[in-house]
$ cat final_12.csv   # CSV, C-alpha atoms and all ligand atoms
chain,number,residue,atom,x,y,z
A,137,MET,CA,91.6,74.2,100.8
A,138,ALA,CA,94.7,72.9,99.2
A,139,LYS,CA,92.3,70.6,97.4
A,140,MET,CA,91.0,73.5,95.4
A,141,SER,CA,93.3,76.5,95.3
A,142,GLY,CA,96.3,74.4,95.5
A,143,ALA,CA,95.6,71.9,92.7
A,144,PRO,CA,97.0,73.1,89.4
A,145,VAL,CA,95.1,72.4,86.2
A,146,SER,CA,98.1,70.3,85.0
A,147,GLU,CA,97.6,67.8,87.8
A,148,GLY,CA,94.2,66.7,86.7
A,149,HIS,CA,92.5,69.7,88.4
A,150,ASP,CA,88.8,69.1,87.6
A,151,GLU,CA,87.7,72.6,86.4
A,152,ARG,CA,84.2,71.3,85.9
A,153,ARG,CA,83.9,71.0,89.6
A,154,PHE,CA,86.4,73.5,90.9
A,155,LEU,CA,86.8,76.8,89.2
A,156,ILE,CA,88.0,80.0,91.0
A,157,VAL,CA,88.3,83.3,89.1
A,158,THR,CA,89.9,86.0,91.2
A,159,ILE,CA,89.6,89.8,90.7
A,160,ASP,CA,91.8,92.2,92.7
A,161,GLY,CA,92.4,95.9,92.5
A,162,PRO,CA,91.9,99.2,94.3
A,163,ALA,CA,88.6,100.9,95.2
A,164,GLY,CA,86.8,102.6,92.4
A,165,THR,CA,87.7,100.1,89.6
A,166,GLY,CA,84.1,98.7,89.5
A,167,LYS,CA,85.4,95.3,90.8
A,168,SER,CA,82.3,94.3,92.7
A,169,THR,CA,79.8,95.0,89.9
A,170,VAL,CA,82.2,93.5,87.3
A,171,ALA,CA,82.7,90.4,89.4
A,172,HIS,CA,79.0,89.9,90.1
A,173,ARG,CA,78.1,90.4,86.4
A,174,LEU,CA,80.9,88.1,85.2
A,175,ALA,CA,79.7,85.4,87.7
A,176,ASP,CA,76.2,85.7,86.3
A,177,ARG,CA,77.3,85.4,82.7
A,178,LEU,CA,79.5,82.4,83.4
A,179,GLY,CA,77.1,80.6,85.7
A,180,LEU,CA,79.5,80.9,88.7
A,181,GLN,CA,78.8,82.2,92.3
A,182,PHE,CA,80.1,85.5,93.5
A,183,LEU,CA,82.1,86.3,96.6
A,184,ASP,CA,82.6,89.9,97.8
A,185,THR,CA,85.4,89.7,100.3
A,186,GLY,CA,85.4,93.5,100.9
A,187,ALA,CA,82.0,93.0,102.4
A,188,MET,CA,83.6,90.6,104.9
A,189,TYR,CA,86.2,93.2,106.0
A,190,ARG,CA,83.5,95.8,106.2
A,191,ALA,CA,81.5,93.5,108.5
A,192,ALA,CA,84.5,93.0,110.7
A,193,ALA,CA,84.8,96.9,110.9
A,194,LEU,CA,81.1,97.1,111.7
A,195,ILE,CA,81.6,94.5,114.5
A,196,ALA,CA,84.4,96.6,116.0
A,197,VAL,CA,82.3,99.8,115.8
A,198,GLU,CA,79.2,98.3,117.3
A,199,GLN,CA,81.0,96.5,120.0
A,200,GLU,CA,83.2,99.5,120.7
A,201,ILE,CA,86.4,97.5,120.2
A,202,ASP,CA,89.5,99.5,119.2
A,203,PRO,CA,89.9,98.8,115.4
A,204,GLU,CA,93.7,98.6,116.0
A,205,ASN,CA,93.2,95.8,118.5
A,206,GLY,CA,93.5,92.9,116.0
A,207,PRO,CA,93.2,90.0,118.4
A,208,ALA,CA,90.1,91.4,120.1
A,209,VAL,CA,88.3,92.2,116.8
A,210,ALA,CA,89.4,88.8,115.4
A,211,GLU,CA,87.8,87.0,118.4
A,212,ALA,CA,84.6,89.0,118.0
A,213,VAL,CA,84.5,88.1,114.2
A,214,ARG,CA,85.0,84.5,115.1
A,215,ARG,CA,82.0,84.6,117.4
A,216,SER,CA,79.9,86.6,115.0
A,217,GLU,CA,78.5,83.8,112.8
A,218,MET,CA,79.4,85.7,109.7
A,219,HIS,CA,78.0,84.0,106.6
A,220,PHE,CA,76.3,84.6,103.2
A,221,ASP,CA,72.8,83.7,102.2
A,222,TRP,CA,73.5,82.0,98.8
A,223,THR,CA,69.9,81.9,97.8
A,224,THR,CA,70.0,85.6,96.8
A,225,SER,CA,72.0,87.3,94.0
A,226,PRO,CA,74.3,88.9,95.1
A,227,PRO,CA,74.4,86.8,98.3
A,228,ARG,CA,73.3,88.7,101.4
A,229,LEU,CA,75.9,89.0,104.2
A,230,LEU,CA,74.6,88.1,107.7
A,231,LEU,CA,75.9,88.2,111.2
A,232,GLY,CA,73.8,85.5,112.8
A,233,GLU,CA,70.3,86.2,111.6
A,234,ARG,CA,70.9,89.9,110.9
A,235,CYS,CA,71.5,91.1,107.3
A,236,VAL,CA,74.2,93.8,107.4
A,237,ASP,CA,74.3,94.8,103.7
A,238,GLY,CA,73.1,98.3,104.6
A,239,PRO,CA,75.1,99.0,107.7
A,240,ILE,CA,78.5,97.9,106.2
A,241,ARG,CA,78.2,100.7,103.6
A,242,GLY,CA,77.9,103.4,106.3
A,243,ASP,CA,80.4,106.3,106.9
A,244,GLU,CA,81.8,105.0,110.2
A,245,VAL,CA,82.6,101.6,108.7
A,246,ALA,CA,84.3,103.3,105.7
A,247,ARG,CA,86.4,105.3,108.2
A,248,VAL,CA,87.8,102.3,110.1
A,249,VAL,CA,87.8,99.5,107.5
A,250,SER,CA,91.3,100.0,106.2
A,251,ILE,CA,92.6,99.9,109.8
A,252,VAL,CA,90.7,96.7,110.6
A,253,ALA,CA,91.8,95.1,107.3
A,254,ALA,CA,95.5,95.8,108.1
A,255,GLN,CA,95.4,93.7,111.3
A,256,LYS,CA,97.0,90.3,110.8
A,257,PRO,CA,94.8,88.3,113.2
A,258,ILE,CA,91.7,89.6,111.4
A,259,ARG,CA,93.1,88.7,108.0
A,260,GLU,CA,93.9,85.2,109.2
A,261,VAL,CA,90.3,84.6,110.3
A,262,LEU,CA,88.8,86.0,107.1
A,263,VAL,CA,91.3,84.3,104.7
A,264,GLN,CA,90.5,81.0,106.4
A,265,HIS,CA,86.8,81.7,106.2
A,266,GLN,CA,87.1,82.6,102.4
A,267,ARG,CA,88.8,79.2,101.8
A,268,ARG,CA,86.1,77.4,103.6
A,269,ILE,CA,83.5,79.2,101.6
A,270,ALA,CA,85.3,78.1,98.4
A,271,ASP,CA,85.3,74.5,99.6
A,272,ALA,CA,81.5,74.7,99.8
A,273,HIS,CA,81.1,76.9,96.7
A,274,PRO,CA,83.9,75.7,94.4
A,275,ARG,CA,82.8,77.5,91.2
A,276,LEU,CA,83.3,81.1,92.2
A,277,VAL,CA,84.3,84.6,91.0
A,278,THR,CA,85.9,86.2,94.1
A,279,GLU,CA,86.9,89.8,94.4
A,280,GLY,CA,89.1,91.8,96.8
A,281,ARG,CA,92.7,92.9,97.3
A,282,ASP,CA,94.5,89.6,98.0
A,283,GLN,CA,92.4,86.9,96.3
A,284,GLY,CA,94.9,86.1,93.5
A,285,SER,CA,98.0,86.7,95.5
A,286,VAL,CA,97.3,85.1,98.9
A,287,VAL,CA,94.0,83.4,99.2
A,288,PHE,CA,93.8,81.5,95.9
A,289,PRO,CA,97.2,81.9,94.2
A,290,ASP,CA,96.6,78.8,92.1
A,291,ALA,CA,93.3,79.9,90.7
A,292,PRO,CA,93.3,79.2,86.9
A,293,VAL,CA,92.4,82.7,86.0
A,294,ARG,CA,93.4,85.8,88.0
A,295,PHE,CA,92.6,89.4,87.1
A,296,TYR,CA,93.9,92.7,88.4
A,297,LEU,CA,91.7,95.8,87.6
A,298,ASP,CA,93.2,99.2,87.7
A,299,ALA,CA,92.2,102.8,86.8
A,300,ASP,CA,93.7,106.3,87.2
A,301,VAL,CA,93.0,107.6,90.7
A,302,SER,CA,91.3,110.7,89.3
A,303,GLU,CA,88.9,108.5,87.3
A,304,ARG,CA,88.2,106.4,90.3
A,305,ALA,CA,87.4,109.5,92.3
A,306,ARG,CA,85.1,110.7,89.6
A,307,ARG,CA,83.2,107.4,89.7
A,308,ARG,CA,83.0,107.5,93.5
A,309,ILE,CA,81.7,111.1,93.4
A,310,ALA,CA,79.0,110.1,90.8
A,311,GLN,CA,78.0,107.2,93.0
A,312,LEU,CA,77.7,109.5,96.1
A,313,ALA,CA,75.8,112.1,94.1
A,314,ARG,CA,73.3,109.4,92.9
A,315,GLY,CA,72.7,108.5,96.5
A,316,GLY,CA,71.9,112.2,97.3
A,317,ALA,CA,74.9,112.7,99.5
A,318,ALA,CA,76.8,116.1,99.6
A,319,VAL,CA,80.1,115.6,97.9
A,320,ASP,CA,83.4,117.2,98.7
A,321,GLU,CA,85.6,116.3,95.7
A,322,THR,CA,88.9,117.0,97.3
A,323,LYS,CA,88.0,114.8,100.3
A,324,VAL,CA,87.0,111.9,98.0
A,325,LEU,CA,90.3,112.1,96.2
A,326,SER,CA,92.4,112.3,99.3
A,327,GLY,CA,90.3,109.6,101.0
A,328,LEU,CA,90.9,107.2,98.0
A,329,ARG,CA,94.7,108.0,98.0
A,330,GLU,CA,94.8,107.3,101.7
A,331,ARG,CA,92.9,104.0,101.4
A,332,ASP,CA,95.2,103.0,98.5
A,333,ARG,CA,98.3,103.8,100.6
A,334,ILE,CA,97.1,101.8,103.6
A,335,ASP,CA,95.9,98.9,101.5
A,336,SER,CA,99.1,98.6,99.5
A,337,THR,CA,101.7,99.2,102.2
A,338,ARG,CA,100.4,96.8,104.9
A,339,PRO,CA,102.7,93.9,105.5
A,340,ASP,CA,99.9,91.3,105.5
A,341,GLY,CA,98.0,90.6,102.3
A,342,PRO,CA,98.8,94.0,100.7
A,343,LEU,CA,97.1,95.1,97.5
A,344,ILE,CA,99.5,94.0,94.7
A,345,ARG,CA,99.3,92.9,91.1
A,346,PRO,CA,99.5,89.1,91.6
A,347,HIS,CA,102.3,87.6,89.6
A,348,GLY,CA,100.9,86.3,86.3
A,349,ALA,CA,97.6,88.1,86.7
A,350,ILE,CA,95.8,89.6,83.7
A,351,VAL,CA,95.9,93.4,84.2
A,352,VAL,CA,93.0,95.4,82.8
A,353,ASP,CA,93.1,99.2,82.9
A,354,THR,CA,89.4,100.3,83.2
A,355,THR,CA,90.0,104.0,83.0
A,356,ASP,CA,88.4,104.4,79.6
A,357,LEU,CA,86.1,101.4,79.6
A,358,THR,CA,82.5,101.1,80.7
A,359,LEU,CA,81.5,98.3,83.2
A,360,ASP,CA,80.1,96.2,80.4
A,361,GLU,CA,83.2,96.6,78.3
A,362,VAL,CA,85.3,95.4,81.3
A,363,VAL,CA,83.0,92.4,81.8
A,364,ASP,CA,83.2,91.6,78.1
A,365,ARG,CA,87.0,91.5,78.3
A,366,LEU,CA,87.1,89.3,81.4
A,367,GLU,CA,84.5,87.0,80.0
A,368,GLU,CA,86.4,86.5,76.8
A,369,HIS,CA,89.6,85.7,78.7
A,370,VAL,CA,87.9,83.1,81.0
A,371,ARG,CA,86.2,81.4,78.0
A,372,THR,CA,89.4,81.3,76.0
A,373,GLU,CA,91.5,80.1,79.0
A,374,LEU,CA,89.0,77.5,80.1
A,375,PRO,CA,87.1,76.1,77.1
A,376,ASP,CA,86.2,72.9,79.0
A,377,ALA,CA,85.1,74.3,82.3
A,378,GLY,CA,81.3,73.8,81.7
A,379,LEU,CA,80.6,77.5,81.8
A,380,ARG,CA,77.1,78.9,81.1
A,381,PRO,CA,76.9,79.2,77.3
A,401,LIG,O1,86.3,96.5,98.2
A,401,LIG,P1,85.8,97.3,99.4
A,401,LIG,O2,85.9,98.8,99.3
A,401,LIG,O3,84.5,96.9,99.9
A,401,LIG,O4,86.8,96.9,100.6
A,401,LIG,C1,86.7,97.4,101.9
A,401,LIG,C2,88.1,97.4,102.6
A,401,LIG,O5,88.5,96.0,102.8
A,401,LIG,C3,89.2,98.1,101.9
A,401,LIG,O6,89.9,98.9,102.8
A,401,LIG,C4,90.1,97.0,101.4
A,401,LIG,C5,89.8,95.9,102.4
A,401,LIG,N1,89.9,94.5,101.7
A,401,LIG,C6,91.0,93.8,102.0
A,401,LIG,O7,91.9,94.3,102.7
A,401,LIG,N2,91.1,92.5,101.5
A,401,LIG,C7,90.2,92.0,100.7
A,401,LIG,N3,90.3,90.8,100.2
A,401,LIG,C8,89.0,92.8,100.4
A,401,LIG,C9,88.9,94.1,101.0

$ encode --input "final_12.csv" --output "structure tokens" --more "lines below"
Ligand code: DC
Amino acid sequence: MAKMSGAPVSEGHDERRFLIVTIDGPAGTGKSTVAHRLADRLGLQFLDTGAMYRAAALIAVEQEIDPENGPAVAEAVRRSEMHFDWTTSPPRLLLGERCVDGPIRGDEVARVVSIVAAQKPIREVLVQHQRRIADAHPRLVTEGRDQGSVVFPDAPVRFYLDADVSERARRRIAQLARGGAAVDETKVLSGLRERDRIDSTRPDGPLIRPHGAIVVDTTDLTLDEVVDRLEEHVRTELPDAGLRP
């Protein structure tokens, strides 16, 4: 992976072949949708690393492994043949032959995913996996919590999306209401705060603003406005990267 994430532009990094854009930030900033739309506009591929942590949580739940048992969950993840189907947009996530895009969005996964994502052995497996994916798909918009800080610290453009926690809760409530779910607003807000706390205080790959990242506060912006800003930044920073016009 050093070949790509490690090669700075100034050392003849060939951005027409290798181009990683990272987007990190807490839940409820619209990261996933923004990353997918940005990738489409620029003609890059899209990697949702949160889906990989969710799939690890699903594996723990279904195989009845204690989510705090990092080594056991990591071993099960290693054996799971986790991979994306790159022929669809966004890419489908599979465990072996089985698409898990639905099950990874379930309540039980949401309940344990922060615990699973805090385990060092699991992060090691998934970080390595993400770098391997980037070797095979070197023109990528990748989103998560540690993409610009740990996984691809030398990516030529790195973003950090943020928003007020109350606005993030409002978005989550609207999303749940659209899905027809009964919504307890206090629970949503406290759930978000708890997830933020776990994600940003874990010792391994915590949610931080990567040094040198472009910070975008999305509180008062629509998704398209966020995508517009990010697109403008990438095109300005990388005029010769062979981006989709
Ligand atoms: O973005 P999301 O809500 O789908 O992420 C699910 C969980 O995985 C969340 O608790 C944060 C964690 N995660 C992580 O620790 N590192 C990443 N690169 C991506 C997600």

$ residues_near_ligand --input "final_12.csv" --ligand "ligand LIG 401 (chain A)" --cutoff "7 Å" --atoms "only C-alpha atoms and all ligand atoms" --output "list in words"
Ala163, Thr185, Gly186, Ala187, Tyr189, Arg190, Val249, Ser250, Ala253, Ala254, Glu279, Gly280, Arg281, Asp282, Gln283, Arg331 and Asp335 of chain A

$ closest_residue --input "final_12.csv" --among "A:Arg215, A:Lys167, A:Arg247, A:Arg153" --to "Val197 in chain A" --atoms "only C-alpha atoms"
A:Arg247

$ atom_distance --input "final_12.csv" --atom1 "CA of Ile240 in chain A" --atom2 "CA of Leu194 in chain A"
6.1 Å

$ atom_distance --input "final_12.csv" --atom1 "CA of Leu183 in chain A" --atom2 "CA of Ala171 in chain A"
8.3 Å

$ residues_around --input "final_12.csv" --residues "Ala349 in chain A" --least-positions-apart "4" --cutoff "7 Å" --atoms "only C-alpha atoms" --output "MDAnalysis selection string"
chainID A and resid 294:296 345

$ closest_residue --input "final_12.csv" --among "A:Leu359, A:Arg275, A:Arg268, A:Gly161" --to "Arg380 in chain A" --atoms "all atoms listed in the file"
A:Arg275

$ atom_distance --input "final_12.csv" --atom1 "CA of Thr169 in chain A" --atom2 "CA of Ala246 in chain A"
18.4 Å

$ residues_around --input "final_12.csv" --residues "Leu297 in chain A" --least-positions-apart "4" --cutoff "10 Å" --atoms "all atoms listed in the file" --output "mmCIF file with C-alpha atoms, keeping the file's coordinate frame"
data_model
loop_
_atom_site.group_PDB
_atom_site.id
_atom_site.type_symbol
_atom_site.label_atom_id
_atom_site.label_comp_id
_atom_site.auth_asym_id
_atom_site.auth_seq_id
_atom_site.Cartn_x
_atom_site.Cartn_y
_atom_site.Cartn_z
ATOM 1 C CA ILE A 159 89.600 89.800 90.700
ATOM 2 C CA ASP A 160 91.800 92.200 92.700
ATOM 3 C CA GLY A 161 92.400 95.900 92.500
ATOM 4 C CA PRO A 162 91.900 99.200 94.300
ATOM 5 C CA ALA A 163 88.600 100.900 95.200
ATOM 6 C CA GLY A 164 86.800 102.600 92.400
ATOM 7 C CA THR A 165 87.700 100.100 89.600
ATOM 8 C CA GLY A 166 84.100 98.700 89.500
ATOM 9 C CA LYS A 167 85.400 95.300 90.800
ATOM 10 C CA VAL A 170 82.200 93.500 87.300
ATOM 11 C CA ARG A 345 99.300 92.900 91.100
ATOM 12 C CA ALA A 349 97.600 88.100 86.700
ATOM 13 C CA ILE A 350 95.800 89.600 83.700
ATOM 14 C CA VAL A 351 95.900 93.400 84.200
ATOM 15 C CA VAL A 352 93.000 95.400 82.800
ATOM 16 C CA ASP A 353 93.100 99.200 82.900
ATOM 17 C CA THR A 354 89.400 100.300 83.200
ATOM 18 C CA THR A 355 90.000 104.000 83.000
ATOM 19 C CA VAL A 362 85.300 95.400 81.300
#

$ closest_residue --input "final_12.csv" --among "A:Arg214, A:Asp298, A:Arg333, A:Arg173" --to "Gln264 in chain A" --atoms "only C-alpha atoms"
A:Arg214

$ closest_residue --input "final_12.csv" --among "A:Ala318, A:Ala272, A:Leu230, A:Leu180" --to "Ala192 in chain A" --atoms "all atoms listed in the file"
A:Leu230

$ residues_around --input "final_12.csv" --residues "Val301 in chain A" --least-positions-apart "5" --cutoff "8 Å" --atoms "all atoms listed in the file" --output "number ranges by chain"
A: 325, 328-329

$ closest_residue --input "final_12.csv" --among "A:Glu367, A:Asp356, A:Asp290, A:Asp340" --to "Glu303 in chain A" --atoms "all atoms listed in the file"
A:Asp356

$ closest_residue --input "final_12.csv" --among "A:Pro346, A:Asp202, A:Arg241, A:Pro274" --to "Pro289 in chain A" --atoms "all atoms listed in the file"
A:Pro346

$ residues_around --input "final_12.csv" --residues "Pro257 in chain A" --least-positions-apart "5" --cutoff "9 Å" --atoms "only C-alpha atoms" --output "list of chain:residue names"
A:Gly206, A:Pro207, A:Ala208, A:Val209, A:Ala210, A:Glu211, A:Leu262

$ residues_near_point --input "final_12.csv" --point "(96.9, 82.2, 103.3)" --cutoff "7 Å" --atoms "all atoms listed in the file" --output "PyMOL selection string"
chain A and resi 263+286-287

$ build_atoms --input "final_12.csv" --residues "range 269-288 of chain A" --atoms "N, CA and C atoms" --output "PDB file, keeping the file's coordinate frame"
ATOM      1  N   ILE A 269      84.610  78.900 102.467  1.00  0.00           N
ATOM      2  CA  ILE A 269      83.500  79.200 101.600  1.00  0.00           C
ATOM      3  C   ILE A 269      83.749  78.580 100.202  1.00  0.00           C
ATOM      4  N   ALA A 270      84.993  78.693  99.723  1.00  0.00           N
ATOM      5  CA  ALA A 270      85.300  78.100  98.400  1.00  0.00           C
ATOM      6  C   ALA A 270      85.239  76.612  98.396  1.00  0.00           C
ATOM      7  N   ASP A 271      85.484  75.989  99.533  1.00  0.00           N
ATOM      8  CA  ASP A 271      85.300  74.500  99.600  1.00  0.00           C
ATOM      9  C   ASP A 271      83.844  74.159  99.372  1.00  0.00           C
ATOM     10  N   ALA A 272      82.957  74.953  99.940  1.00  0.00           N
ATOM     11  CA  ALA A 272      81.500  74.700  99.800  1.00  0.00           C
ATOM     12  C   ALA A 272      80.937  75.215  98.507  1.00  0.00           C
ATOM     13  N   HIS A 273      81.605  76.227  97.932  1.00  0.00           N
ATOM     14  CA  HIS A 273      81.100  76.900  96.700  1.00  0.00           C
ATOM     15  C   HIS A 273      82.271  76.935  95.712  1.00  0.00           C
ATOM     16  N   PRO A 274      82.636  75.795  95.126  1.00  0.00           N
ATOM     17  CA  PRO A 274      83.900  75.700  94.400  1.00  0.00           C
ATOM     18  C   PRO A 274      83.900  76.320  92.994  1.00  0.00           C
ATOM     19  N   ARG A 275      82.771  76.861  92.554  1.00  0.00           N
ATOM     20  CA  ARG A 275      82.800  77.500  91.200  1.00  0.00           C
ATOM     21  C   ARG A 275      82.383  78.989  91.517  1.00  0.00           C
ATOM     22  N   LEU A 276      83.439  79.818  91.570  1.00  0.00           N
ATOM     23  CA  LEU A 276      83.300  81.100  92.200  1.00  0.00           C
ATOM     24  C   LEU A 276      84.098  82.191  91.503  1.00  0.00           C
ATOM     25  N   VAL A 277      83.489  83.379  91.361  1.00  0.00           N
ATOM     26  CA  VAL A 277      84.300  84.600  91.000  1.00  0.00           C
ATOM     27  C   VAL A 277      84.413  85.336  92.347  1.00  0.00           C
ATOM     28  N   THR A 278      85.651  85.517  92.804  1.00  0.00           N
ATOM     29  CA  THR A 278      85.900  86.200  94.100  1.00  0.00           C
ATOM     30  C   THR A 278      86.660  87.446  93.904  1.00  0.00           C
ATOM     31  N   GLU A 279      86.236  88.527  94.580  1.00  0.00           N
ATOM     32  CA  GLU A 279      86.900  89.800  94.400  1.00  0.00           C
ATOM     33  C   GLU A 279      87.394  90.406  95.709  1.00  0.00           C
ATOM     34  N   GLY A 280      88.539  91.132  95.650  1.00  0.00           N
ATOM     35  CA  GLY A 280      89.100  91.800  96.800  1.00  0.00           C
ATOM     36  C   GLY A 280      90.390  92.436  96.565  1.00  0.00           C
ATOM     37  N   ARG A 281      91.347  92.256  97.494  1.00  0.00           N
ATOM     38  CA  ARG A 281      92.700  92.900  97.300  1.00  0.00           C
ATOM     39  C   ARG A 281      93.761  91.785  97.242  1.00  0.00           C
ATOM     40  N   ASP A 282      93.480  90.603  97.805  1.00  0.00           N
ATOM     41  CA  ASP A 282      94.500  89.600  98.000  1.00  0.00           C
ATOM     42  C   ASP A 282      94.049  88.217  97.461  1.00  0.00           C
ATOM     43  N   GLN A 283      92.990  88.212  96.658  1.00  0.00           N
ATOM     44  CA  GLN A 283      92.400  86.900  96.300  1.00  0.00           C
ATOM     45  C   GLN A 283      93.338  86.109  95.373  1.00  0.00           C
ATOM     46  N   GLY A 284      93.979  86.800  94.402  1.00  0.00           N
ATOM     47  CA  GLY A 284      94.900  86.100  93.500  1.00  0.00           C
ATOM     48  C   GLY A 284      96.300  85.967  94.020  1.00  0.00           C
ATOM     49  N   SER A 285      96.647  86.774  95.032  1.00  0.00           N
ATOM     50  CA  SER A 285      98.000  86.700  95.500  1.00  0.00           C
ATOM     51  C   SER A 285      98.170  85.838  96.751  1.00  0.00           C
ATOM     52  N   VAL A 286      97.200  85.849  97.658  1.00  0.00           N
ATOM     53  CA  VAL A 286      97.300  85.100  98.900  1.00  0.00           C
ATOM     54  C   VAL A 286      96.297  84.015  99.097  1.00  0.00           C
ATOM     55  N   VAL A 287      95.046  84.327  98.814  1.00  0.00           N
ATOM     56  CA  VAL A 287      94.000  83.400  99.200  1.00  0.00           C
ATOM     57  C   VAL A 287      93.876  82.230  98.189  1.00  0.00           C
ATOM     58  N   PHE A 288      93.882  82.560  96.886  1.00  0.00           N
ATOM     59  CA  PHE A 288      93.800  81.500  95.900  1.00  0.00           C
ATOM     60  C   PHE A 288      94.856  81.710  94.790  1.00  0.00           C
TER      61      PHE A 288
END
